[in-house]
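S.K.: The structure under discussion is supplied below as structure tokens; questions concerning it will follow.
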Amino acid sequence: MFNAALNRIAKVQKLDIAILELQRRIDHLDPGRAATKARDETLEAFHQAESRLKAVRGELTDLELEQKKIEAKIKSENDRLYSGGVYNAKDADAIDREVKNLKARLGDIDARILELWEELPPAEEAAKTAEIDLAEKEAELSKYLEKYASVKAELEQKLAQLQEMRPKALEGADPSVLAKYERMRKAHGGIGLAKVDNDECEICRARVPKPLKDAILSGVDLETCEGCGRYLYIELS
Ligand SMILES: [Zn+2]
């Protein structure tokens with residue numbers, strides 16, 4: 001009786017294994033780890049290139065502004081000196097010193113501005129390249145995610161179909177043997193029954209001696225594999 005009941009449940013197990021396999025495939029789908037990493041790296045590079053460019057442009061703008069202010073200041077100091085409004089030598093010396101200082105500062109600014117004008121084109125080029133790289137990686141990622149979503153949806157649909165089939169597959173199965181099968185499969189990685197195949201357990205390939213085979217066929221009790229511990233059954237044709 002038990003062997004016949006297990007034969008019946010073996011059909012349920014086939015379905016359960018298919019469900020498990022699909023679930024495993026869904027769980028192992030790669031949600032775009034490599035493509036996301038590549039995108040994140042190019043995003044980081046893009047941000048660096050952008051902030052470098054911003055720094056060069058910002059410094060250039062500030063210095064050009066300061067350059068104009070100093071030039072205006074030199075002009076107004078010189079105007080003051082030569083317009084005849086300064087009457088003593090001490091004041092004239094002070095203005096002279098101030099103009100010298102301003103000119104020295106202007107020289108430094110001019111030199112730095114020249115440097116920045118040289119740094120600007122490569123910084124612009126780097127930012128442009130980084131932007132193109134980023135767009136490329138973004139496109140690759142979204143293409144991957146699209147593919148991933150469609151594969152996942154397809155597998156999930158198949159899984160739902162199999163799960164819908166299960167109640168029907170359970171019809172006519174002995175409830176107490178079914179409960180034992182459920183416990184056994186939980187304890188044994190999703191597979192609770194093993195068919196005897198050429199005097200061996202089909203799962204672990206342990207020998208099934210003749211007395212054990214006879215006991216299984218008698219169906220008096222549930223018999224387990226000496227190797228893996230699963231319930232053994234012999235297929236009835
Ligand atoms: Zn076994």
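In the structure tokens, chains take letters A, B, ... by order of appearance, with residues numbered from 1 within each chain and ligands from 1 in the order shown.
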So that I can see what lies close to Arg207 (chain A), please list as number ranges by chain the residues with an atom at most 12 Å from it, counting only C-alpha atoms and leaving out residues fewer than 5 positions away in the same chain.
M.R.: A: 195-202, 212-213, 224-228, 232
S.K.: Write a file of the just-selected residues containing all heavy atoms, as a compact mmCIF listing (two decimals), in the first residue's frame.
M.R.:
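Once everything was written out, this is selection-v6.txt:
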```txt
# COMPACT_ATOMS: atom_id res chain seq x y z
N LYS A 195 13.62 7.04 -6.09
CA LYS A 195 13.21 5.82 -6.81
C LYS A 195 14.35 4.81 -6.75
O LYS A 195 15.52 5.18 -6.75
CB LYS A 195 12.92 6.20 -8.27
CG LYS A 195 12.22 5.12 -9.05
CD LYS A 195 11.76 5.67 -10.39
CE LYS A 195 12.92 5.73 -11.38
NZ LYS A 195 12.49 6.23 -12.70
N VAL A 196 13.96 3.52 -6.65
CA VAL A 196 14.98 2.48 -6.75
C VAL A 196 15.23 2.22 -8.23
O VAL A 196 14.31 1.94 -8.99
CB VAL A 196 14.52 1.18 -6.04
CG1 VAL A 196 15.58 0.08 -6.21
CG2 VAL A 196 14.25 1.44 -4.57
N ASP A 197 16.48 2.39 -8.60
CA ASP A 197 16.85 2.32 -10.02
C ASP A 197 18.02 1.34 -10.15
O ASP A 197 19.10 1.62 -9.62
CB ASP A 197 17.24 3.75 -10.45
CG ASP A 197 17.74 3.80 -11.87
OD1 ASP A 197 17.25 3.03 -12.71
OD2 ASP A 197 18.66 4.62 -12.14
N ASN A 198 17.80 0.19 -10.78
CA ASN A 198 18.85 -0.83 -10.90
C ASN A 198 19.46 -1.22 -9.55
O ASN A 198 20.70 -1.20 -9.40
CB ASN A 198 19.98 -0.34 -11.82
CG ASN A 198 19.62 -0.52 -13.28
OD1 ASN A 198 18.85 -1.44 -13.63
ND2 ASN A 198 20.15 0.34 -14.12
N ASP A 199 18.62 -1.46 -8.58
CA ASP A 199 19.06 -1.84 -7.23
C ASP A 199 19.86 -0.74 -6.52
O ASP A 199 20.64 -1.00 -5.60
CB ASP A 199 19.92 -3.13 -7.25
CG ASP A 199 19.13 -4.32 -7.78
OD1 ASP A 199 17.88 -4.27 -7.73
OD2 ASP A 199 19.77 -5.29 -8.25
N GLU A 200 19.67 0.50 -6.97
CA GLU A 200 20.35 1.62 -6.31
C GLU A 200 19.36 2.75 -6.04
O GLU A 200 18.35 2.86 -6.74
CB GLU A 200 21.45 2.20 -7.23
CG GLU A 200 22.70 1.38 -7.33
CD GLU A 200 23.70 1.98 -8.32
OE1 GLU A 200 23.32 2.95 -9.04
OE2 GLU A 200 24.84 1.50 -8.37
N CYS A 201 19.67 3.58 -5.06
CA CYS A 201 18.89 4.80 -4.84
C CYS A 201 19.23 5.77 -5.98
O CYS A 201 20.41 6.04 -6.23
CB CYS A 201 19.28 5.41 -3.50
SG CYS A 201 18.74 7.13 -3.29
N GLU A 202 18.21 6.29 -6.66
CA GLU A 202 18.48 7.16 -7.83
C GLU A 202 19.13 8.48 -7.41
O GLU A 202 19.74 9.15 -8.23
CB GLU A 202 17.19 7.44 -8.61
CG GLU A 202 16.22 8.32 -7.83
CD GLU A 202 15.07 8.89 -8.64
OE1 GLU A 202 15.11 8.82 -9.89
OE2 GLU A 202 14.13 9.40 -8.01
N LEU A 212 15.46 -5.33 1.28
CA LEU A 212 14.87 -3.99 1.37
C LEU A 212 13.89 -3.79 0.20
O LEU A 212 12.79 -3.26 0.37
CB LEU A 212 15.97 -2.93 1.37
CG LEU A 212 15.54 -1.47 1.54
CD1 LEU A 212 14.64 -1.27 2.76
CD2 LEU A 212 16.75 -0.54 1.63
N LYS A 213 14.32 -4.22 -0.98
CA LYS A 213 13.43 -4.12 -2.16
C LYS A 213 12.13 -4.88 -1.92
O LYS A 213 11.04 -4.39 -2.24
CB LYS A 213 14.14 -4.71 -3.39
CG LYS A 213 14.91 -3.67 -4.20
CD LYS A 213 15.59 -4.30 -5.41
CE LYS A 213 14.61 -4.41 -6.59
NZ LYS A 213 15.29 -4.88 -7.82
N THR A 224 13.30 3.58 4.12
CA THR A 224 14.18 4.71 3.76
C THR A 224 15.52 4.21 3.23
O THR A 224 15.96 3.10 3.52
CB THR A 224 14.45 5.63 4.98
OG1 THR A 224 14.97 4.82 6.03
CG2 THR A 224 13.19 6.32 5.43
N CYS A 225 16.16 5.07 2.43
CA CYS A 225 17.45 4.75 1.83
C CYS A 225 18.53 4.73 2.91
O CYS A 225 18.58 5.61 3.77
CB CYS A 225 17.77 5.79 0.77
SG CYS A 225 19.46 5.68 0.15
N GLU A 226 19.41 3.72 2.84
CA GLU A 226 20.48 3.62 3.84
C GLU A 226 21.54 4.71 3.62
O GLU A 226 22.29 5.04 4.53
CB GLU A 226 21.14 2.22 3.76
CG GLU A 226 20.23 1.15 4.32
CD GLU A 226 20.70 -0.28 3.98
OE1 GLU A 226 21.78 -0.42 3.35
OE2 GLU A 226 19.97 -1.22 4.33
N GLY A 227 21.56 5.26 2.40
CA GLY A 227 22.55 6.30 2.10
C GLY A 227 22.05 7.69 2.47
O GLY A 227 22.66 8.39 3.28
N CYS A 228 20.92 8.10 1.87
CA CYS A 228 20.49 9.49 2.03
C CYS A 228 19.29 9.64 2.95
O CYS A 228 18.93 10.78 3.30
CB CYS A 228 20.18 10.11 0.66
SG CYS A 228 18.82 9.34 -0.20
N LEU A 232 12.12 5.38 -0.05
CA LEU A 232 12.37 4.66 -1.30
C LEU A 232 11.05 4.13 -1.87
O LEU A 232 10.18 3.70 -1.13
CB LEU A 232 13.31 3.48 -1.06
CG LEU A 232 14.77 3.83 -0.77
CD1 LEU A 232 15.54 2.57 -0.31
CD2 LEU A 232 15.47 4.44 -1.99
```
S.K.: So that I can check the surroundings of Asp93 (chain A), please list as a VMD selection string every protein, DNA and RNA residue that reaches within 12 Å of it, counting only C-alpha atoms and ignoring chain neighbours fewer than 6 positions away.
M.R.: chain A and resid 77 to 78 81 86 to 87 99 to 100
S.K.: If we count only C-alpha atoms and set the cut-off at 12 Å, which residues sit around Ile216 (chain A), ignoring sequence neighbours fewer than 3 positions away in its own chain? Please answer as a PyMOL selection string.
M.R.: chain A and resi 1-7+194-196+199+208-213+219-225+231-236
S.K.: For Pro122 (chain A), which residue out of A:Ile203, A:Leu22, A:Val56, A:Ala135 is the nearest one, using only C-alpha atoms?
M.R.: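 Of the candidates, the smallest distance to Pro122 (chain A) is held by A:Val56.
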